[in-house]
Amino acid sequence: MKFAIQSISSLAAVLVGFLLLANVGITSAGRGELESLTAIEKAIITETIQADGTVVEIDELTTLVKSQLVVDSESQADLPYNSTLSKLEVLEAYTITPKGEKIPVAANAIRTVEDDNSSGAAMFSDQKHKIIIFPKVTPGSKTYYKTKLTTYKPLLPGYFYTRLIFSPNVEVKSYEYNLSYPEDLKLYTDIKDVTQTRDEVVDGVRHVSYTYQNLKMKKKEPYQVSSNDYAPHIYISSFQSQEAFAKAYEERIKDKFIITPEIQKQADEITKGLEKKFQGDPKLDLKKEQAKAIYHWVARNIRYVAIYLADGGIVPHDANSVLKNRYGDCKDHNALLITLLAAKGIDATSALINSGNAYVLPKYPVLGPFNHVITYIPAWNLYLDSTDEMASYGTLPSDEMDKPVLLTKLAKVGRTPKPKKEDSEMATGISMQIEKDGRITGKAHTMYFGSAAISARYKYEGAETTYSEKLVKNQLAKFRQTGEGKITTSYVYDLDKPFTTDTEFTLDAIANVPGPGAMTVPIGLAPGELAAIANDRPPEKFTVPYVCSTRIVGESYQIRFPNNTKVTRIPPNVSYKKGGIEYEATYNEVKNNIFVIRKLAIQRPGAVCEPGELQNWKDFYQVFIKDMRGQIFYE
């Protein structure tokens, strides 16, 4: 489970959310140009840091609704805030019709609601939402609101930050940010592609202003990294470095890691018997086994529940209460894991990380892009995420690889390991018999390793329950097949062993037998990963960095043709090696049996590829797709 660090939500953050939400476009008929569905007509954010540390933020937002496609979504505004640390007031709100009529929002159309839990995850939160429902919104209308957010208590003592990111994928006609604060307060600023219009001191108060405009929106690209990594931005922080923030954060949470008698007892029970098992072996090996046992226990026994109460957005509960309750969010998982490890003499630290598509850390700490906490053991340079119950010890999910992390106890910036192809591998063996009437019966066995196993465990969880029938049907339909079958798997929660799936299937006839005819290599009820890759045609170009995969996929097939047919031609062998991409495909025919072996190995320099790297994949794809469409001829 992810996204468990939650900050005070200012309306500035809402505008960032709008930039992401409005990231859509349509092509104008006859003109061939991209046209936005909505636009930020005018946005003004005015923040004031008062002498007592209270922050008052006045926000004004005018949105132009251009298309019927977004009328529903733009007919209301969702403004989150922390009800314990701040107060949000709607000062004014109305709709301006295309004819210029101003229609105020009724008082009963401004509502305060609890945090949305539509995703189904257990959640306790004091974050609330002001919902503004605008009247008579049609294409050409404008919506407007003015709000006041008063924040009485910072997330950390003396901590102030502004994080505004402007997505190039959204049309912005006018955006203005104003900040006033005591002259003696030291703030650190990092801006990119925005214009500073004011910087002056008046009566001991410093005033700074910035403006931004984007009239030529860009279409969002598939797999692109977060706009955090490249977009225009305004970052302002009261901490001079990420390391300084780490020290302050660690100071704030250090009392959450106390080894109580209950913690010690639990750690001893989890590792009971390991001392005898490793008698005579190096002590370090014993420590590693203890760490492994503790990690697996936390991952399996502490239920994920998101808890955002008071300063719970960034501060965990104490380890003993997490142990007692048997639930918590990522911060709580991490606190308990660190404390149990400490009870066995194993030192670990919190590691703040982004679990989305952000791979760049701002120069100054503005909380984001951090939205998750994992655990780091310095002695073995090892990262663990106990909130991912399907991740075996020492394995991170792919979206946490090659990411900057803030190691709070060490007060330094680190980075999770770069992906290696061997750490995400799946291998499938398939045997199929083509019957005399053209139906195909077969079996498939697949083994998954590393991060590939994490995804597979989630995918096939419940495969041996009533969910199985739906899973089989969806898998067959994915590759335009009809038939029936069953799926069995190894125990998804046995993280000490590779994950495996076994399938048996019967496909309805996909070829005319005895022929003459031709057919591509059938997939059956195997995962069909190579076929899925072949169906995902690369885009024409990228202009920003994108997330790219490093992995190994191997598939081997034995296809037995019936006695009333004769194989006359098989596809040629293929060998490709270029730009970190290796692909081998071999085809052999022995007494009407076709043996096919295909293996794709991709090794990228990191988790993120630059736009020019796309050409390597496009070059390979043309070779790959021809091979995947190669046919076996028979008569």
# chains A, B, ... in the order shown; residues from 1 in each chain; ligands from 1
>>> select_by_dssp(residues="region 297-524 of chain A", states="strand (DSSP E or B)", output="ChimeraX atom specification")
/A:303-304,306-308,327-328,349-353,366,368,372-377,382-384,404-407,412-415,424-434,440-450,483-489,499-507,517-519
>>> residues_around(residues="Leu286 (chain A)", least_positions_apart="6", cutoff="12 Å", atoms="only C-alpha atoms", output="ChimeraX atom specification")
/A:271-280,292-293,344-346
>>> write_last_selection(atoms="C-alpha atoms", output="PDB file, in the first residue's frame")
ATOM      1  CA  THR A 271      13.398 -15.180  15.858  1.00  0.00           C
ATOM      2  CA  LYS A 272      13.057 -18.091  18.249  1.00  0.00           C
ATOM      3  CA  GLY A 273      15.202 -21.050  17.243  1.00  0.00           C
ATOM      4  CA  LEU A 274      17.384 -19.177  14.757  1.00  0.00           C
ATOM      5  CA  GLU A 275      20.319 -19.037  17.198  1.00  0.00           C
ATOM      6  CA  LYS A 276      20.513 -22.827  17.280  1.00  0.00           C
ATOM      7  CA  LYS A 277      20.151 -23.073  13.522  1.00  0.00           C
ATOM      8  CA  PHE A 278      23.109 -20.765  12.970  1.00  0.00           C
ATOM      9  CA  GLN A 279      25.346 -21.971  15.791  1.00  0.00           C
ATOM     10  CA  GLY A 280      28.906 -21.894  14.547  1.00  0.00           C
ATOM     11  CA  LYS A 292      14.321 -11.604   7.321  1.00  0.00           C
ATOM     12  CA  ALA A 293      12.048 -13.292   9.857  1.00  0.00           C
ATOM     13  CA  LYS A 344      17.783  -7.845  18.028  1.00  0.00           C
ATOM     14  CA  GLY A 345      20.677  -5.402  17.656  1.00  0.00           C
ATOM     15  CA  ILE A 346      20.041  -4.524  14.006  1.00  0.00           C
TER      16      ILE A 346
END
>>> residues_around(residues="Thr568 (chain A)", least_positions_apart="3", cutoff="9 Å", atoms="only C-alpha atoms", output="number ranges by chain")
A: 632-635
>>> write_last_selection(atoms="N, CA and C atoms", output="short mmCIF file (atom, residue, chain, number, x, y, z; two decimals), in the first residue's frame")
data_model
loop_
_atom_site.label_atom_id
_atom_site.label_comp_id
_atom_site.auth_asym_id
_atom_site.auth_seq_id
_atom_site.Cartn_x
_atom_site.Cartn_y
_atom_site.Cartn_z
N ILE A 632 3.23 -20.73 -38.72
CA ILE A 632 3.58 -22.12 -39.00
C ILE A 632 2.61 -22.60 -40.08
N PHE A 633 3.15 -23.07 -41.20
CA PHE A 633 2.32 -23.54 -42.31
C PHE A 633 2.20 -25.06 -42.26
N TYR A 634 1.03 -25.56 -42.62
CA TYR A 634 0.79 -27.00 -42.60
C TYR A 634 -0.23 -27.35 -43.67
N GLU A 635 -0.32 -28.63 -43.97
CA GLU A 635 -1.29 -29.11 -44.96
C GLU A 635 -1.77 -30.51 -44.59
#
>>> select_by_dssp(residues="region 411-578 of chain A", states="alpha helix (DSSP H)", output="PyMOL selection string")
chain A and resi 451-460+467-478+529-534
>>> write_last_selection(atoms="N, CA and C atoms", output="PDB file, in the first residue's frame")
ATOM      1  N   SER A 451      10.826  -8.639  -8.740  1.00  0.00           N
ATOM      2  CA  SER A 451       9.653  -7.759  -8.797  1.00  0.00           C
ATOM      3  C   SER A 451       8.557  -8.339  -9.682  1.00  0.00           C
ATOM      4  N   ALA A 452       8.919  -9.199 -10.644  1.00  0.00           N
ATOM      5  CA  ALA A 452       7.892  -9.855 -11.460  1.00  0.00           C
ATOM      6  C   ALA A 452       7.012 -10.752 -10.597  1.00  0.00           C
ATOM      7  N   ALA A 453       7.606 -11.343  -9.556  1.00  0.00           N
ATOM      8  CA  ALA A 453       6.843 -12.206  -8.662  1.00  0.00           C
ATOM      9  C   ALA A 453       5.850 -11.395  -7.840  1.00  0.00           C
ATOM     10  N   ILE A 454       6.222 -10.164  -7.473  1.00  0.00           N
ATOM     11  CA  ILE A 454       5.306  -9.316  -6.701  1.00  0.00           C
ATOM     12  C   ILE A 454       4.028  -9.076  -7.489  1.00  0.00           C
ATOM     13  N   SER A 455       4.181  -8.659  -8.730  1.00  0.00           N
ATOM     14  CA  SER A 455       3.012  -8.390  -9.582  1.00  0.00           C
ATOM     15  C   SER A 455       2.180  -9.644  -9.779  1.00  0.00           C
ATOM     16  N   ALA A 456       2.850 -10.773 -10.000  1.00  0.00           N
ATOM     17  CA  ALA A 456       2.126 -12.022 -10.254  1.00  0.00           C
ATOM     18  C   ALA A 456       1.350 -12.480  -9.022  1.00  0.00           C
ATOM     19  N   ARG A 457       1.932 -12.317  -7.850  1.00  0.00           N
ATOM     20  CA  ARG A 457       1.236 -12.730  -6.630  1.00  0.00           C
ATOM     21  C   ARG A 457      -0.066 -11.940  -6.457  1.00  0.00           C
ATOM     22  N   TYR A 458      -0.004 -10.644  -6.733  1.00  0.00           N
ATOM     23  CA  TYR A 458      -1.228  -9.837  -6.656  1.00  0.00           C
ATOM     24  C   TYR A 458      -2.229 -10.257  -7.726  1.00  0.00           C
ATOM     25  N   LYS A 459      -1.726 -10.498  -8.938  1.00  0.00           N
ATOM     26  CA  LYS A 459      -2.616 -10.845 -10.043  1.00  0.00           C
ATOM     27  C   LYS A 459      -3.353 -12.145  -9.782  1.00  0.00           C
ATOM     28  N   TYR A 460      -2.650 -13.132  -9.249  1.00  0.00           N
ATOM     29  CA  TYR A 460      -3.251 -14.461  -9.114  1.00  0.00           C
ATOM     30  C   TYR A 460      -3.766 -14.758  -7.708  1.00  0.00           C
ATOM     31  N   TYR A 467     -13.094 -16.741  -7.845  1.00  0.00           N
ATOM     32  CA  TYR A 467     -12.539 -15.728  -8.748  1.00  0.00           C
ATOM     33  C   TYR A 467     -11.880 -16.379  -9.969  1.00  0.00           C
ATOM     34  N   SER A 468     -11.588 -17.670  -9.869  1.00  0.00           N
ATOM     35  CA  SER A 468     -10.832 -18.373 -10.912  1.00  0.00           C
ATOM     36  C   SER A 468     -11.511 -18.294 -12.276  1.00  0.00           C
ATOM     37  N   GLU A 469     -12.815 -18.510 -12.310  1.00  0.00           N
ATOM     38  CA  GLU A 469     -13.518 -18.535 -13.597  1.00  0.00           C
ATOM     39  C   GLU A 469     -13.374 -17.201 -14.335  1.00  0.00           C
ATOM     40  N   LYS A 470     -13.501 -16.116 -13.603  1.00  0.00           N
ATOM     41  CA  LYS A 470     -13.360 -14.799 -14.211  1.00  0.00           C
ATOM     42  C   LYS A 470     -11.927 -14.571 -14.690  1.00  0.00           C
ATOM     43  N   LEU A 471     -10.967 -15.025 -13.896  1.00  0.00           N
ATOM     44  CA  LEU A 471      -9.562 -14.868 -14.256  1.00  0.00           C
ATOM     45  C   LEU A 471      -9.241 -15.610 -15.543  1.00  0.00           C
ATOM     46  N   VAL A 472      -9.750 -16.838 -15.676  1.00  0.00           N
ATOM     47  CA  VAL A 472      -9.535 -17.628 -16.887  1.00  0.00           C
ATOM     48  C   VAL A 472     -10.176 -16.939 -18.089  1.00  0.00           C
ATOM     49  N   LYS A 473     -11.408 -16.499 -17.931  1.00  0.00           N
ATOM     50  CA  LYS A 473     -12.125 -15.860 -19.034  1.00  0.00           C
ATOM     51  C   LYS A 473     -11.406 -14.598 -19.503  1.00  0.00           C
ATOM     52  N   ASN A 474     -10.965 -13.785 -18.553  1.00  0.00           N
ATOM     53  CA  ASN A 474     -10.266 -12.545 -18.912  1.00  0.00           C
ATOM     54  C   ASN A 474      -8.942 -12.820 -19.600  1.00  0.00           C
ATOM     55  N   GLN A 475      -8.234 -13.846 -19.124  1.00  0.00           N
ATOM     56  CA  GLN A 475      -6.935 -14.166 -19.706  1.00  0.00           C
ATOM     57  C   GLN A 475      -7.085 -14.655 -21.146  1.00  0.00           C
ATOM     58  N   LEU A 476      -8.082 -15.467 -21.410  1.00  0.00           N
ATOM     59  CA  LEU A 476      -8.319 -15.942 -22.774  1.00  0.00           C
ATOM     60  C   LEU A 476      -8.748 -14.782 -23.677  1.00  0.00           C
ATOM     61  N   ALA A 477      -9.649 -13.946 -23.174  1.00  0.00           N
ATOM     62  CA  ALA A 477     -10.149 -12.824 -23.975  1.00  0.00           C
ATOM     63  C   ALA A 477      -9.045 -11.820 -24.281  1.00  0.00           C
ATOM     64  N   LYS A 478      -8.077 -11.714 -23.408  1.00  0.00           N
ATOM     65  CA  LYS A 478      -6.975 -10.769 -23.597  1.00  0.00           C
ATOM     66  C   LYS A 478      -6.271 -11.003 -24.920  1.00  0.00           C
ATOM     67  N   GLU A 529       3.200 -12.987 -21.920  1.00  0.00           N
ATOM     68  CA  GLU A 529       3.836 -11.689 -21.698  1.00  0.00           C
ATOM     69  C   GLU A 529       4.455 -11.124 -22.967  1.00  0.00           C
ATOM     70  N   LEU A 530       5.077 -11.966 -23.765  1.00  0.00           N
ATOM     71  CA  LEU A 530       5.674 -11.481 -25.006  1.00  0.00           C
ATOM     72  C   LEU A 530       4.597 -10.981 -25.970  1.00  0.00           C
ATOM     73  N   ALA A 531       3.484 -11.677 -26.021  1.00  0.00           N
ATOM     74  CA  ALA A 531       2.387 -11.217 -26.884  1.00  0.00           C
ATOM     75  C   ALA A 531       1.838  -9.886 -26.393  1.00  0.00           C
ATOM     76  N   ALA A 532       1.781  -9.710 -25.075  1.00  0.00           N
ATOM     77  CA  ALA A 532       1.306  -8.445 -24.525  1.00  0.00           C
ATOM     78  C   ALA A 532       2.245  -7.307 -24.886  1.00  0.00           C
ATOM     79  N   ILE A 533       3.545  -7.573 -24.850  1.00  0.00           N
ATOM     80  CA  ILE A 533       4.532  -6.564 -25.232  1.00  0.00           C
ATOM     81  C   ILE A 533       4.374  -6.216 -26.706  1.00  0.00           C
ATOM     82  N   ALA A 534       4.149  -7.246 -27.526  1.00  0.00           N
ATOM     83  CA  ALA A 534       3.988  -7.012 -28.968  1.00  0.00           C
ATOM     84  C   ALA A 534       2.751  -6.178 -29.263  1.00  0.00           C
TER      85      ALA A 534
END
>>> residues_around(residues="Leu407 (chain A)", least_positions_apart="5", cutoff="6 Å", atoms="only C-alpha atoms", output="PDB file with all heavy atoms, in the first residue's frame")
ATOM      1  N   SER A 350      14.468   5.121   8.840  1.00  0.00           N
ATOM      2  CA  SER A 350      13.368   5.445   7.929  1.00  0.00           C
ATOM      3  C   SER A 350      13.951   5.966   6.623  1.00  0.00           C
ATOM      4  O   SER A 350      14.967   6.655   6.610  1.00  0.00           O
ATOM      5  CB  SER A 350      12.459   6.520   8.537  1.00  0.00           C
ATOM      6  OG  SER A 350      12.004   6.144   9.808  1.00  0.00           O
ATOM      7  N   ALA A 351      13.280   5.649   5.518  1.00  0.00           N
ATOM      8  CA  ALA A 351      13.680   6.129   4.196  1.00  0.00           C
ATOM      9  C   ALA A 351      12.446   6.706   3.510  1.00  0.00           C
ATOM     10  O   ALA A 351      11.556   5.967   3.108  1.00  0.00           O
ATOM     11  CB  ALA A 351      14.285   4.994   3.366  1.00  0.00           C
ATOM     12  N   LYS A 412      20.978  11.944   5.449  1.00  0.00           N
ATOM     13  CA  LYS A 412      21.579  12.036   4.125  1.00  0.00           C
ATOM     14  C   LYS A 412      20.624  11.505   3.065  1.00  0.00           C
ATOM     15  O   LYS A 412      19.675  10.772   3.371  1.00  0.00           O
ATOM     16  CB  LYS A 412      22.907  11.286   4.070  1.00  0.00           C
ATOM     17  CG  LYS A 412      22.794   9.775   4.091  1.00  0.00           C
ATOM     18  CD  LYS A 412      24.177   9.134   3.913  1.00  0.00           C
ATOM     19  CE  LYS A 412      24.081   7.626   3.756  1.00  0.00           C
ATOM     20  NZ  LYS A 412      25.423   7.011   3.565  1.00  0.00           N
ATOM     21  N   VAL A 413      20.909  11.888   1.833  1.00  0.00           N
ATOM     22  CA  VAL A 413      20.119  11.420   0.699  1.00  0.00           C
ATOM     23  C   VAL A 413      20.745  10.142   0.159  1.00  0.00           C
ATOM     24  O   VAL A 413      21.965  10.074  -0.040  1.00  0.00           O
ATOM     25  CB  VAL A 413      20.048  12.493  -0.405  1.00  0.00           C
ATOM     26  CG1 VAL A 413      19.339  11.953  -1.642  1.00  0.00           C
ATOM     27  CG2 VAL A 413      19.349  13.745   0.113  1.00  0.00           C
TER      28      VAL A 413
END
>>> atom_distance(atom1="CA of Phe134 (chain A)", atom2="CA of Leu149 (chain A)")
20.2 Å
>>> residues_around(residues="region 373-377 of chain A", least_positions_apart="6", cutoff="8 Å", atoms="only C-alpha atoms", output="MDAnalysis selection string")
chainID A and resid 4:5 330:331 334 337:338 346:353 383:386 407
>>> write_last_selection(atoms="C-alpha atoms", output="PDB file, in the first residue's frame")
ATOM      1  CA  ALA A   4       0.680   7.213   3.154  1.00  0.00           C
ATOM      2  CA  ILE A   5       2.577  10.408   3.858  1.00  0.00           C
ATOM      3  CA  CYS A 330       3.511   2.912   5.981  1.00  0.00           C
ATOM      4  CA  LYS A 331       5.007   5.120   8.727  1.00  0.00           C
ATOM      5  CA  ASN A 334       8.325   1.269   9.326  1.00  0.00           C
ATOM      6  CA  LEU A 337       9.947  -2.876  11.804  1.00  0.00           C
ATOM      7  CA  ILE A 338      12.809  -0.594  12.897  1.00  0.00           C
ATOM      8  CA  ILE A 346      20.041  -4.524  14.006  1.00  0.00           C
ATOM      9  CA  ASP A 347      20.220  -0.815  13.204  1.00  0.00           C
ATOM     10  CA  ALA A 348      17.822   0.616  10.612  1.00  0.00           C
ATOM     11  CA  THR A 349      16.470   3.977   9.512  1.00  0.00           C
ATOM     12  CA  SER A 350      13.368   5.445   7.929  1.00  0.00           C
ATOM     13  CA  ALA A 351      13.680   6.129   4.196  1.00  0.00           C
ATOM     14  CA  LEU A 352      11.281   8.675   2.707  1.00  0.00           C
ATOM     15  CA  ILE A 353      10.524   7.876  -0.940  1.00  0.00           C
ATOM     16  CA  TYR A 383      15.859  -1.560   1.505  1.00  0.00           C
ATOM     17  CA  LEU A 384      12.632  -3.158   2.742  1.00  0.00           C
ATOM     18  CA  ASP A 385       8.972  -2.251   2.247  1.00  0.00           C
ATOM     19  CA  SER A 386       6.837  -4.184   4.711  1.00  0.00           C
ATOM     20  CA  LEU A 407      17.530   8.498   5.167  1.00  0.00           C
TER      21      LEU A 407
END
>>> residues_around(residues="Leu85 (chain A)", least_positions_apart="4", cutoff="6 Å", atoms="only C-alpha atoms", output="number ranges by chain")
A: 151-153
>>> atom_distance(atom1="CA of Ser227 (chain A)", atom2="CA of Asn354 (chain A)")
13.1 Å
>>> closest_residue(among="A:Gly204, A:Leu323, A:Phe160, A:Ile191", to="Phe245 (chain A)", atoms="only C-alpha atoms")
A:Phe160
>>> closest_residue(among="A:Ala585, A:Ile49, A:Ala607, A:Ala39", to="Phe624 (chain A)", atoms="only C-alpha atoms")
A:Ala585
>>> closest_atom_pairs(of="region 235-326 of chain A", to="region 169-190 of chain A", cutoff="6 Å", atoms="only C-alpha atoms", output="tab-separated table")
residue	atom	partner	partner_atom	distance
A:Tyr235	CA	A:Asp190	CA	5.1
A:Ile236	CA	A:Thr189	CA	4.5
A:Ser237	CA	A:Tyr188	CA	5.3
A:Ser238	CA	A:Leu187	CA	4.7
>>> write_last_selection(atoms="N, CA and C atoms", output="mmCIF file, in the first residue's frame")
data_model
loop_
_atom_site.group_PDB
_atom_site.id
_atom_site.type_symbol
_atom_site.label_atom_id
_atom_site.label_comp_id
_atom_site.auth_asym_id
_atom_site.auth_seq_id
_atom_site.Cartn_x
_atom_site.Cartn_y
_atom_site.Cartn_z
ATOM 1 N N TYR A 235 9.513 26.355 -5.627
ATOM 2 C CA TYR A 235 9.786 25.634 -4.385
ATOM 3 C C TYR A 235 10.343 26.640 -3.376
ATOM 4 N N ILE A 236 9.721 26.726 -2.219
ATOM 5 C CA ILE A 236 10.191 27.602 -1.153
ATOM 6 C C ILE A 236 10.168 26.805 0.147
ATOM 7 N N SER A 237 11.256 26.851 0.906
ATOM 8 C CA SER A 237 11.348 26.063 2.125
ATOM 9 C C SER A 237 12.099 26.829 3.207
ATOM 10 N N SER A 238 11.726 26.577 4.451
ATOM 11 C CA SER A 238 12.439 27.173 5.574
ATOM 12 C C SER A 238 13.642 26.336 5.987
#
